[in-house]
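Engineer: Let me give you the structure first, and then I'll get to my questions.
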Number of protein chains: 4
Amino acid sequence: MKKLWAGRFTQKTSGMVESFTESISFDRKLWKHDIAGSIAHAKMLSKQRIITQKEANSIIRGLRQIAEEIGKGAFAFSPGLEDIHMNIESALTDRIGPPGKKVHTARSRNDQVALDLRLYLKDAMQDIISLLQRLQKTFVELAEKHQDALMPGYTHLQRAQPVLLGHHLLAYVEMFGRDRERFQDCLKRTDICPLGSCALSGTSLPTDRAYTAKLLGFNSISGNSIDAVSDRDFAVEFLACAAIAMMHLSRLAEELILWSTEEFSFIEISDRFTTGSSIMPQKKNPDVAELMRGKTGRVYGNLMALLTLMKGLPLAYNRDMQEDKLPVFDSAETLTACYRVLEEMMRNVKFNINRLSSTAGKGYSTATDIAEYLVRKGLPFREAHEITGRIVLHCISKDVQLTGLSLPELKSFSPKISEDIIHVLDPAESVKARTSFGGTSPSEVKRQIRHFKKVLK
Amino acid sequence: MKKLWAGRFTQKTSGMVESFTESISFDRKLWKHDIAGSIAHAKMLSKQRIITQKEANSIIRGLRQIAEEIGKGAFAFSPGLEDIHMNIESALTDRIGPPGKKVHTARSRNDQVALDLRLYLKDAMQDIISLLQRLQKTFVELAEKHQDALMPGYTHLQRAQPVLLGHHLLAYVEMFGRDRERFQDCLKRTDICPLGSCALSGTSLPTDRAYTAKLLGFNSISGNSIDAVSDRDFAVEFLACAAIAMMHLSRLAEELILWSTEEFSFIEISDRFTTGSSIMPQKKNPDVAELMRGKTGRVYGNLMALLTLMKGLPLAYNRDMQEDKLPVFDSAETLTACYRVLEEMMRNVKFNINRLSSTAGKGYSTATDIAEYLVRKGLPFREAHEITGRIVLHCISKDVQLTGLSLPELKSFSPKISEDIIHVLDPAESVKARTSFGGTSPSEVKRQIRHFKKVLK
Amino acid sequence: MKKLWAGRFTQKTSGMVESFTESISFDRKLWKHDIAGSIAHAKMLSKQRIITQKEANSIIRGLRQIAEEIGKGAFAFSPGLEDIHMNIESALTDRIGPPGKKVHTARSRNDQVALDLRLYLKDAMQDIISLLQRLQKTFVELAEKHQDALMPGYTHLQRAQPVLLGHHLLAYVEMFGRDRERFQDCLKRTDICPLGSCALSGTSLPTDRAYTAKLLGFNSISGNSIDAVSDRDFAVEFLACAAIAMMHLSRLAEELILWSTEEFSFIEISDRFTTGSSIMPQKKNPDVAELMRGKTGRVYGNLMALLTLMKGLPLAYNRDMQEDKLPVFDSAETLTACYRVLEEMMRNVKFNINRLSSTAGKGYSTATDIAEYLVRKGLPFREAHEITGRIVLHCISKDVQLTGLSLPELKSFSPKISEDIIHVLDPAESVKARTSFGGTSPSEVKRQIRHFKKVLK
Amino acid sequence: MKKLWAGRFTQKTSGMVESFTESISFDRKLWKHDIAGSIAHAKMLSKQRIITQKEANSIIRGLRQIAEEIGKGAFAFSPGLEDIHMNIESALTDRIGPPGKKVHTARSRNDQVALDLRLYLKDAMQDIISLLQRLQKTFVELAEKHQDALMPGYTHLQRAQPVLLGHHLLAYVEMFGRDRERFQDCLKRTDICPLGSCALSGTSLPTDRAYTAKLLGFNSISGNSIDAVSDRDFAVEFLACAAIAMMHLSRLAEELILWSTEEFSFIEISDRFTTGSSIMPQKKNPDVAELMRGKTGRVYGNLMALLTLMKGLPLAYNRDMQEDKLPVFDSAETLTACYRVLEEMMRNVKFNINRLSSTAGKGYSTATDIAEYLVRKGLPFREAHEITGRIVLHCISKDVQLTGLSLPELKSFSPKISEDIIHVLDPAESVKARTSFGGTSPSEVKRQIRHFKKVLK
């Protein structure tokens, strides 16, 4: 197939090179964005009288027809035509003749591909942001449903202090909220139209870049044509946001897996969201959570891939940058798929409230309450901590919980201890007392829920 | 040394474990932030009558004295006391007695270290942002100085089109600007006070978290105590911003190295910013640029380190997170050092304007101008491109530049070509014509300079 | 579709979960290995009388038929059947009835997938190793062809000393040789049969694992069933070897790109291995080399993906590990494609010997020879280095090359200098003199070539 | 301070550049190797009569004196002298006068630093290999001690089948064994002497590289001088081996953390290897294991750092490569520290054998045994699996374990079931039956122990 740039060449590209350098096998994913870009470009060219109105109409009609064909799966992509841009331009000229040869006026593939990727990412990030918002809502609903349920709070995976299940679930709402913010900030830097920067230096033709940008719904246009075609910051930043977002999912997945163990038995995931074993008939595995955790690898890897690729590249466009697309597509699709399945799965998780509550007070988890009790009675915190440590040690040696000690036994550790300590040892009371802002008391958790319900409307 | 948490333990920590788990060898870097945090905390405790005014004063005096000692290098840090928090608390009690045992009331190391790291990063990012701004100014000055100098613009490291040196330099001003924006956005998410979240669940003591946050200059306070001690997003995001920023430096470094070669000879870096060889007496190497490029590795590695660390951690605090500090410190210091030396070096780079200008028109770099000329004469772009390609091929076979062709020779390729094509072949005219927004024309480059001078005030 | 493990489930898997957890879209690549494994397994089962000879024959016939169908593209893979193992087992039972239900006796998908991946990687690494060997041969041929051609050797991308082009090319033969060795070592650790480890604990059925391993051509069998299903070291190690190998290609690619610039003009890559620009009619870009350099990103990313995935996984098999395949496939295919196209391209590179030779002596590249000359005349090296440095400085100020100095001028720097220095300034003589083992002298380069020709037979 | 390469320079290096480019702050760690290399080099120079015997003796005496000073901490390193090589050479000339100026004859820092790093890594890897061997022995001892203890084997962190604790521990012995092998293979490729390659092209002086290599205990010498100074494969490969080794530690750490939870309660780590909380008096945290897991991040990051650094570097030496040392040092030290503390900690872990054994049979973990029982009775595996799945479902609905079913109940699922099934339901019997090679039966575990005791002598 004759290359559209072949004028200066005397030999045909090797077949091996064609298949090594082609990108149509993956950049076809950009077809909608490529066509939208070309339509807007043609409108601008005709508005600026670089082409005629009639030519523009013919181009637009041709492109819409191609879009329809691709949408229906009726379009034959050709690797010999390298990429999505050349595939579409070539098809256009096939269909409409001479005017097709004018669509590439005052642009280059360098600015065109930057445009397509930005359009793609704008869509992808908007999707992700709204999936994150739905996920936040789901978690707020779960938190509200379980706002009074006690559970053991952990540090170092050791039971630390009783908390409310709702409080724990809201921690993820915070994370998803930061993820949304980060994607939103990245979106600002993605929402800039590079089209019209051409190969790297702009054009001598009388274009109106702002007009094209407006047609395509961009917020602004790039200010420096050399930078505009060299820049993949928006893609790297997206991959970094995705990596952080995926890290959050890996933490949640780890908890869901832990909580599904016989040993924890905090939750049961519905049959519909688990799978079995080919050999062990009894198995019911939290596969979705495991895969979500495992997919963290690829999302981190994608970030590293693009950072590596961009390292040390001189300006402006280099062909290395063709390899920017696969990691971007993969992270966007992975994140989207995880959010979709996660939301559905969370609605199908059964929390074993009895188990959660009954373990909340175990493991001396109200020891900090004793220390704070002693502080309220006037002891310096460090002494209170020391005394409580000795009480715990005593419990361990006697193999009883804190509530298993008699008042005289407790008093023997400090004369400051009196009957009112009983309250303090009860995990429900412990939780109720933690009224500091952001703390685990029911009033604070309710405040957080109210806050999110307002914000997430 | 007796651990401050040793109440419940029957055996002493192994010496091997002490040295494995200590962080004082690196977290001592946080001393200023740790002390500032404790002073604010003590003020809040006394305002809330959790401790007396007198105790608070004694604590504050003690902490200030410790700060002075550390500042003078007169403070003996002890690995047996694990970390900066315990070193300072222990020294405080040594110096002021019983009130020292009260400073840790209503807080935990979990929220304390999150606080310290946030304070550190707020400082570091503010430094980085102002260094970036200075760097932008330096590049704008250089661009202004060289705004009329021609140079070959490259794509694929092949000469593509003539551009202005000023235009090329301004591409980096764009990158540095995006870096600033990203750090600024990250700063928003760092500027949130976690103190008072305690171990993970808040406290039963009547604290006023907003007051402490205000004293420390924070913009807001964290909303969920479990999240507040589990969250290192701000640190990962910082490392991601640093990685992208460093990628920009690696690209600039690559260009400085290329341009310093005999082959390019575009610049000469001052003796003061180069070094010699231990064996080859003639060598003068662009070491600073090479090291800058090489340091990209560690900054990428730091990001990967923290992402890996956080993968799959259940809530809330886990000791793994102690390892968050070294990558953060290293990336902050690497970036700062690079910016400082880069700015100075750029002021000591001599651009070989003659060489740059004389090569600007070589390599058929005005071929695109011929194509656009033919478009203005009414040919479809694709045909114009094809014809120009044949002209270039003709030049190659005759081993002449485009300007080496006679008018009849040129006309033989297309009847549309007439005398006015001479203009088009001149790189200076080529550049002048690229007046599209963001293009390389002198007027556009001046506009960019004006824009940045206004913005960078 | 009824899951083969569905006995203990009361609800059907959600469609969303099916598509989230399926791996058939990518692990179908393992079909040959999966079928080979099952055939060997069936033979062993019948040899051990766990199934009858007749059942085994029926299974083997069925599997061969399936293989044929897949080979012809006539097999319908079903995502509802999750993975390649279940797709094939299910098809087998469809085709041959009851005996099909016996093929999974005494194995699990856990050991089966480990087997398949090992078989895949054994093939892939053997391919890579022989491609590397061919590449070495090609480079040795090129080195032999250009063994007398001078070129400037670089450090810091500054001309350092004249070297032979053959010597430079042989540096890559060394790298490819180490790559081969590494893959060979990885192959040792891959060539271990895990089949028969079952889910994690082995089986109570009287299997003969050594027999199966022998049928499949394995060198040995795994020693611990828990480890055998948990272990992906061989895959990570493969990805690490691939990353190092790709790093070598990125260095070569960088050089090919540099050498193709107008500024260096050391090589010309054939039209058949370059591509053009959609906008700039004169462009001929070293795209293959650029893409090779860019693909380094994905190969590094794949390594990071699997390392991340495996971090912190408890024993034994976890579903996360399903995500091990894509990075392995991608790195294997990327490497293979690069090697194929690279070998062909290198045969189509024209070295501009004149340009290489004429620049070899430029840039004071024989300065070290002067210093060594002075050492032979009895000066300490450090003094000789200092004197030569001053000679170079003198040349720079006079803007002449070293050969441009008169003998009296040279003598003025040291009385040790006499007429015989003329020899030393000639790059061809410089090269000839560097006869130390591994040095750049023609005799040494010939020795290296002889060595590799013997070794690479 | 006058630079040893300053002859050709007219301006002094900027102070800022000195501190940016110095490496003495970290490469001083190489002092022993640098001095050993120089002593061997001096011996070779005198043997080859490039310097006199007397000069060599003086050099060697001087270097030994410097070594003594550094060893005692009495040596003042100067950043102005850039690196360890120049610091030592300069000190040597200070101490012994003119002969000191001869030590750098016929070498360059390029080959010198490659030598030093190889010597360092040879030492580091030998240490690591013997630490790994000790660790293997420790685990084999533990496995022997607990060879009869039952525990639940897990897949997907769900109880899968009963296994022997000894068997599980031996899985780590396998991993450590592969780590050793990998380091051993890397050692082969590190054990090659680059000294004498000089800047990149060898030397014209009559050196004997093989002699120097022999003095330094190297196995062979590098074959191509350009490659020898460009190559950091051995360092990247070391970092990759370290990353895989660290991944193993992260898996073990994860298990130790899980097993230390209240919920699992499989082990108790001695007080001496755990630490407490600054706020929660009852806490006893598995910090060592958590830090080990967390340090995986830095070891992965180090690998990524060096891979990134090397990407796209043209031959031969580039200053970027100075940044190779920190990641290498850090991974070597991290691994060494982890192995030391881990070995000691493992000896201080108390396994709760009762708890392990009593849970071994829970969670329907002998379901696979029922299926295999039915296979032995003649059912196809797939049917056996299906029937057992239904038995499990029945147990779940009745909330009993498998042993809680009566024989008639069991029989109702299949007429093949008879009294002898009782055996099969007992986890101890289940384990005993798994006699396949590498399986979990006591006989197989004993075989593995015997094997390792022989191999690890």
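The way I read the labels, and the way they are meant: chains A, B, ... in the order of the structure tokens, residue 1 as the first residue of every chain, and ligand 1 as the first ligand shown, with later ones counted on from there.
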With only C-alpha atoms as the counted atoms, please give the residues lying no more than 9 Å from Arg376 of chain B, apart from itself and same-chain residues fewer than 3 positions off, as a compact mmCIF listing (two decimals) with N, CA, C and O atoms, in the first residue's frame.
Structural biologist:
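Printed below is result_10.txt as written:
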```txt
# COMPACT_ATOMS: atom_id res chain seq x y z
N ILE A 50 -9.53 28.32 4.21
CA ILE A 50 -8.37 27.55 3.74
C ILE A 50 -8.87 26.44 2.81
O ILE A 50 -8.21 26.06 1.87
N LEU A 205 -0.35 28.90 7.55
CA LEU A 205 -1.72 29.08 7.05
C LEU A 205 -2.55 29.77 8.14
O LEU A 205 -2.29 29.61 9.33
N ALA B 371 5.33 22.90 0.79
CA ALA B 371 4.01 22.25 0.73
C ALA B 371 2.91 23.26 1.06
O ALA B 371 1.89 23.33 0.38
N GLU B 372 3.13 24.04 2.11
CA GLU B 372 2.10 25.02 2.47
C GLU B 372 1.97 26.11 1.39
O GLU B 372 0.88 26.64 1.15
N TYR B 373 3.07 26.44 0.75
CA TYR B 373 3.05 27.38 -0.38
C TYR B 373 2.16 26.84 -1.49
O TYR B 373 1.31 27.55 -2.03
N LEU B 379 -3.34 23.81 -4.31
CA LEU B 379 -3.25 22.35 -4.35
C LEU B 379 -3.77 21.74 -3.05
O LEU B 379 -3.58 22.31 -1.98
```
Engineer: Write out as a ChimeraX atom specification all residues of segment 158-386 of chain B that backbone DSSP assigns to alpha helix (DSSP H).
Structural biologist: /B:165-190,209-215,225-230,233-260,287-310,325-346,353-360,367-376,381-386
Engineer: Output C-alpha atoms of each residue in that selection to a file, as a short mmCIF file (atom, residue, chain, number, x, y, z; two decimals), in the first residue's frame.
Structural biologist:
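File selection.cif, as written:
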```cif
data_model
loop_
_atom_site.label_atom_id
_atom_site.label_comp_id
_atom_site.auth_asym_id
_atom_site.auth_seq_id
_atom_site.Cartn_x
_atom_site.Cartn_y
_atom_site.Cartn_z
CA LEU B 165 15.82 29.24 19.95
CA GLY B 166 13.61 31.35 22.19
CA HIS B 167 10.63 29.22 21.24
CA HIS B 168 12.47 26.04 22.13
CA LEU B 169 13.55 27.43 25.51
CA LEU B 170 9.98 28.49 26.26
CA ALA B 171 8.85 24.87 25.84
CA TYR B 172 10.68 24.19 29.11
CA VAL B 173 8.98 27.16 30.73
CA GLU B 174 5.69 25.43 29.94
CA MET B 175 6.90 22.19 31.51
CA PHE B 176 8.16 23.92 34.64
CA GLY B 177 4.83 25.71 34.85
CA ARG B 178 2.91 22.44 34.81
CA ASP B 179 5.28 21.09 37.44
CA ARG B 180 4.50 24.04 39.67
CA GLU B 181 0.78 23.54 39.18
CA ARG B 182 1.05 19.89 40.08
CA PHE B 183 3.01 20.59 43.25
CA GLN B 184 0.49 23.28 44.08
CA ASP B 185 -2.36 20.81 43.73
CA CYS B 186 -0.50 18.27 45.81
CA LEU B 187 0.07 20.97 48.42
CA LYS B 188 -3.70 21.43 48.78
CA ARG B 189 -4.01 17.78 49.74
CA THR B 190 -0.98 17.95 52.03
CA ARG B 209 -8.10 19.99 66.77
CA ALA B 210 -8.93 23.06 64.75
CA TYR B 211 -6.99 25.21 67.19
CA THR B 212 -3.81 23.12 66.86
CA ALA B 213 -4.17 23.14 63.08
CA LYS B 214 -4.52 26.91 63.08
CA LEU B 215 -1.43 27.34 65.23
CA SER B 225 -9.26 9.53 62.18
CA ILE B 226 -8.77 6.02 60.74
CA ASP B 227 -7.97 7.45 57.34
CA ALA B 228 -5.80 10.19 58.78
CA VAL B 229 -3.25 7.77 60.20
CA SER B 230 -3.44 5.31 57.28
CA ASP B 233 -1.45 9.71 49.46
CA PHE B 234 0.11 13.12 49.86
CA ALA B 235 3.58 11.54 49.95
CA VAL B 236 2.97 9.27 46.97
CA GLU B 237 1.48 12.15 45.04
CA PHE B 238 4.51 14.26 45.88
CA LEU B 239 6.79 11.51 44.60
CA ALA B 240 4.75 11.24 41.40
CA CYS B 241 4.97 14.99 40.83
CA ALA B 242 8.71 14.78 41.50
CA ALA B 243 9.06 11.94 39.00
CA ILE B 244 7.32 13.94 36.28
CA ALA B 245 9.38 17.01 37.13
CA MET B 246 12.55 14.95 36.97
CA MET B 247 11.50 13.52 33.62
CA HIS B 248 11.49 17.08 32.32
CA LEU B 249 14.99 17.61 33.65
CA SER B 250 16.12 14.40 31.98
CA ARG B 251 14.87 15.69 28.64
CA LEU B 252 16.62 19.02 29.09
CA ALA B 253 19.77 17.24 30.24
CA GLU B 254 19.70 15.03 27.16
CA GLU B 255 19.51 18.10 24.97
CA LEU B 256 22.32 19.88 26.81
CA ILE B 257 24.49 16.79 26.42
CA LEU B 258 23.65 16.47 22.72
CA TRP B 259 24.18 20.15 22.11
CA SER B 260 27.57 20.00 23.81
CA ASP B 287 28.77 16.08 34.02
CA VAL B 288 26.11 18.18 35.67
CA ALA B 289 23.66 17.44 32.89
CA GLU B 290 24.60 13.76 32.91
CA LEU B 291 24.11 13.47 36.65
CA MET B 292 20.79 15.25 36.41
CA ARG B 293 19.71 12.73 33.80
CA GLY B 294 21.05 9.87 35.91
CA LYS B 295 19.29 11.06 39.05
CA THR B 296 16.00 10.55 37.25
CA GLY B 297 16.52 6.90 38.17
CA ARG B 298 16.43 7.45 41.89
CA VAL B 299 13.43 9.76 41.71
CA TYR B 300 11.47 7.18 39.70
CA GLY B 301 12.71 4.49 42.08
CA ASN B 302 11.48 6.44 45.09
CA LEU B 303 8.00 6.60 43.63
CA MET B 304 8.01 2.88 42.95
CA ALA B 305 9.30 2.23 46.46
CA LEU B 306 6.41 3.98 48.18
CA LEU B 307 3.76 2.62 45.82
CA THR B 308 5.08 -0.88 46.49
CA LEU B 309 5.17 -0.29 50.21
CA MET B 310 1.56 0.85 50.36
CA LYS B 325 10.43 8.94 54.79
CA LEU B 326 13.63 8.13 52.95
CA PRO B 327 12.14 8.24 49.46
CA VAL B 328 10.35 11.47 50.28
CA PHE B 329 13.48 13.12 51.65
CA ASP B 330 15.59 11.89 48.79
CA SER B 331 13.29 13.10 46.03
CA ALA B 332 12.82 16.48 47.67
CA GLU B 333 16.54 16.98 48.11
CA THR B 334 17.42 15.69 44.65
CA LEU B 335 14.96 18.01 42.98
CA THR B 336 16.06 21.00 45.01
CA ALA B 337 19.74 20.37 44.28
CA CYS B 338 19.06 19.91 40.57
CA TYR B 339 17.08 23.13 40.30
CA ARG B 340 19.73 25.13 42.12
CA VAL B 341 22.62 23.92 40.01
CA LEU B 342 20.62 24.00 36.78
CA GLU B 343 19.65 27.62 37.13
CA GLU B 344 23.24 28.64 37.72
CA MET B 345 24.50 26.47 34.90
CA MET B 346 22.00 27.79 32.37
CA ILE B 353 24.23 31.35 17.54
CA ASN B 354 26.10 31.18 14.24
CA ARG B 355 26.16 27.44 14.24
CA LEU B 356 22.50 27.24 15.26
CA SER B 357 21.40 29.66 12.58
CA SER B 358 23.49 28.20 9.81
CA THR B 359 22.10 24.72 10.40
CA ALA B 360 18.50 25.93 10.76
CA ALA B 367 10.12 21.50 2.79
CA THR B 368 6.91 21.92 4.75
CA ASP B 369 6.92 25.58 3.71
CA ILE B 370 6.96 24.53 0.08
CA ALA B 371 4.01 22.25 0.73
CA GLU B 372 2.10 25.02 2.47
CA TYR B 373 3.05 27.38 -0.38
CA LEU B 374 1.49 24.96 -2.82
CA VAL B 375 -1.61 24.74 -0.64
CA ARG B 376 -1.91 28.51 -0.77
CA PHE B 381 -2.26 19.31 0.97
CA ARG B 382 -1.68 15.65 0.20
CA GLU B 383 -0.65 16.46 -3.39
CA ALA B 384 1.50 19.33 -2.25
CA HIS B 385 3.22 16.98 0.19
CA GLU B 386 3.82 14.43 -2.55
#
```
Engineer: Please identify which residues in segment 46-248 of chain B DSSP calls strand (DSSP E or B) from the backbone, and express them as a list in words.
Structural biologist: Leu150, Met151, Pro152, Gly153, Tyr154, Thr155, Gln158, Arg159, Ala160, Gln161, Pro162, Val163, Leu164, Ile192, Cys193, Ser220 and Ile221 of chain B
Engineer: Skip segment 432-446 of chain A itself and residues of its chain fewer than 3 positions away, then list as a VMD selection string all residues within 6 Å of it, counting only C-alpha atoms.
Structural biologist: (chain A and resid 163 167 429 449) or (chain B and resid 201 to 204 223 to 225)
Engineer: Would you mind exporting all heavy atoms of the selected residues as an mmCIF file, in the first residue's frame?
Structural biologist:
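What follows is the written file part.cif:
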```
data_model
loop_
_atom_site.group_PDB
_atom_site.id
_atom_site.type_symbol
_atom_site.label_atom_id
_atom_site.label_comp_id
_atom_site.auth_asym_id
_atom_site.auth_seq_id
_atom_site.Cartn_x
_atom_site.Cartn_y
_atom_site.Cartn_z
ATOM 1 N N VAL A 163 -13.736 0.398 67.181
ATOM 2 C CA VAL A 163 -14.232 1.501 66.347
ATOM 3 C C VAL A 163 -15.594 1.101 65.804
ATOM 4 O O VAL A 163 -16.043 -0.036 65.984
ATOM 5 C CB VAL A 163 -13.276 1.825 65.165
ATOM 6 C CG1 VAL A 163 -11.913 2.309 65.655
ATOM 7 C CG2 VAL A 163 -13.113 0.617 64.242
ATOM 8 N N HIS A 167 -17.391 3.919 60.626
ATOM 9 C CA HIS A 167 -16.214 4.779 60.633
ATOM 10 C C HIS A 167 -15.126 4.215 59.713
ATOM 11 O O HIS A 167 -14.491 4.941 58.951
ATOM 12 C CB HIS A 167 -15.695 4.881 62.074
ATOM 13 C CG HIS A 167 -14.658 5.932 62.301
ATOM 14 N ND1 HIS A 167 -13.789 5.896 63.363
ATOM 15 C CD2 HIS A 167 -14.336 7.045 61.598
ATOM 16 C CE1 HIS A 167 -12.977 6.935 63.312
ATOM 17 N NE2 HIS A 167 -13.286 7.649 62.263
ATOM 18 N N GLU A 429 -18.903 1.919 75.229
ATOM 19 C CA GLU A 429 -18.685 3.200 75.914
ATOM 20 C C GLU A 429 -17.396 3.848 75.407
ATOM 21 O O GLU A 429 -17.306 5.069 75.258
ATOM 22 C CB GLU A 429 -18.572 2.984 77.428
ATOM 23 C CG GLU A 429 -19.845 2.476 78.075
ATOM 24 C CD GLU A 429 -20.995 3.479 77.944
ATOM 25 O OE1 GLU A 429 -20.728 4.700 78.045
ATOM 26 O OE2 GLU A 429 -22.150 3.049 77.711
ATOM 27 N N ILE A 449 -21.176 11.131 57.884
ATOM 28 C CA ILE A 449 -22.190 10.646 56.929
ATOM 29 C C ILE A 449 -23.000 11.814 56.379
ATOM 30 O O ILE A 449 -23.202 11.939 55.170
ATOM 31 C CB ILE A 449 -23.108 9.585 57.601
ATOM 32 C CG1 ILE A 449 -22.300 8.312 57.878
ATOM 33 C CG2 ILE A 449 -24.325 9.283 56.731
ATOM 34 C CD1 ILE A 449 -23.008 7.270 58.721
ATOM 35 N N SER B 201 -8.494 6.244 66.371
ATOM 36 C CA SER B 201 -9.921 6.401 66.635
ATOM 37 C C SER B 201 -10.269 7.716 67.309
ATOM 38 O O SER B 201 -11.394 7.900 67.742
ATOM 39 C CB SER B 201 -10.374 5.235 67.509
ATOM 40 O OG SER B 201 -9.821 5.380 68.793
ATOM 41 N N GLY B 202 -9.300 8.618 67.398
ATOM 42 C CA GLY B 202 -9.576 9.850 68.129
ATOM 43 C C GLY B 202 -9.374 9.649 69.624
ATOM 44 O O GLY B 202 -8.783 8.653 70.048
ATOM 45 N N THR B 203 -9.876 10.571 70.411
ATOM 46 C CA THR B 203 -9.638 10.520 71.852
ATOM 47 C C THR B 203 -10.894 10.867 72.613
ATOM 48 O O THR B 203 -11.800 11.516 72.090
ATOM 49 C CB THR B 203 -8.505 11.490 72.256
ATOM 50 O OG1 THR B 203 -8.312 11.402 73.673
ATOM 51 C CG2 THR B 203 -8.846 12.927 71.904
ATOM 52 N N SER B 204 -10.928 10.436 73.875
ATOM 53 C CA SER B 204 -12.039 10.791 74.752
ATOM 54 C C SER B 204 -11.747 12.077 75.505
ATOM 55 O O SER B 204 -12.602 12.565 76.238
ATOM 56 C CB SER B 204 -12.288 9.641 75.734
ATOM 57 O OG SER B 204 -11.158 9.475 76.583
ATOM 58 N N GLY B 223 -10.801 14.607 58.302
ATOM 59 C CA GLY B 223 -12.175 14.351 58.707
ATOM 60 C C GLY B 223 -12.431 12.976 59.287
ATOM 61 O O GLY B 223 -13.469 12.735 59.897
ATOM 62 N N ASN B 224 -11.489 12.047 59.129
ATOM 63 C CA ASN B 224 -11.730 10.673 59.573
ATOM 64 C C ASN B 224 -10.434 10.153 60.184
ATOM 65 O O ASN B 224 -9.408 10.045 59.506
ATOM 66 C CB ASN B 224 -12.148 9.818 58.359
ATOM 67 C CG ASN B 224 -12.418 8.372 58.716
ATOM 68 O OD1 ASN B 224 -11.579 7.715 59.337
ATOM 69 N ND2 ASN B 224 -13.588 7.870 58.340
ATOM 70 N N SER B 225 -10.497 9.827 61.473
ATOM 71 C CA SER B 225 -9.255 9.526 62.182
ATOM 72 C C SER B 225 -8.582 8.249 61.674
ATOM 73 O O SER B 225 -7.350 8.154 61.680
ATOM 74 C CB SER B 225 -9.507 9.431 63.685
ATOM 75 O OG SER B 225 -10.486 8.443 63.961
#
```
Engineer: Which polymer residues have any atom within 7 Å of an atom of Thr261 of chain A, counting only C-alpha atoms, with same-chain residues fewer than 4 positions away left out, as a ChimeraX atom specification?
Structural biologist: /A:257,265 /D:157-158
Engineer: My list of candidates is B:Gly196, B:Gln161, B:Gly361, B:Asn285. Which is closest to Glu262 of chain B when distances are computed with only C-alpha atoms?
Structural biologist: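 Going through B:Gly196, B:Gln161, B:Gly361, B:Asn285 one by one, the smallest distance to Glu262 of chain B is for B:Asn285.
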Engineer: Do you know which residues are at most 7 Å from segment 16-22 of chain A counting only C-alpha atoms, after dropping those on the same chain fewer than 5 positions away, and could you put them as a short mmCIF file (atom, residue, chain, number, x, y, z; two decimals) with N, CA and C atoms, in the first residue's frame?
Structural biologist:
```
data_model
loop_
_atom_site.label_atom_id
_atom_site.label_comp_id
_atom_site.auth_asym_id
_atom_site.auth_seq_id
_atom_site.Cartn_x
_atom_site.Cartn_y
_atom_site.Cartn_z
N PRO A 79 -3.15 -2.53 8.56
CA PRO A 79 -1.86 -2.29 9.20
C PRO A 79 -0.89 -1.56 8.27
N GLY A 80 -1.05 -1.78 6.96
CA GLY A 80 -0.18 -1.11 6.01
C GLY A 80 -0.32 0.40 6.07
N GLU A 82 -0.52 2.00 8.79
CA GLU A 82 0.13 2.39 10.04
C GLU A 82 -0.78 2.63 11.24
N ASP A 83 -1.59 3.70 11.15
CA ASP A 83 -2.27 4.14 12.38
C ASP A 83 -3.71 4.55 12.08
N PHE C 273 13.68 0.57 6.22
CA PHE C 273 13.61 0.48 7.69
C PHE C 273 13.41 1.83 8.36
N VAL C 288 12.18 2.62 13.68
CA VAL C 288 12.35 1.30 14.28
C VAL C 288 13.21 1.42 15.54
N VAL C 341 13.43 -7.71 13.95
CA VAL C 341 13.52 -6.53 13.09
C VAL C 341 14.92 -5.90 13.18
#
```
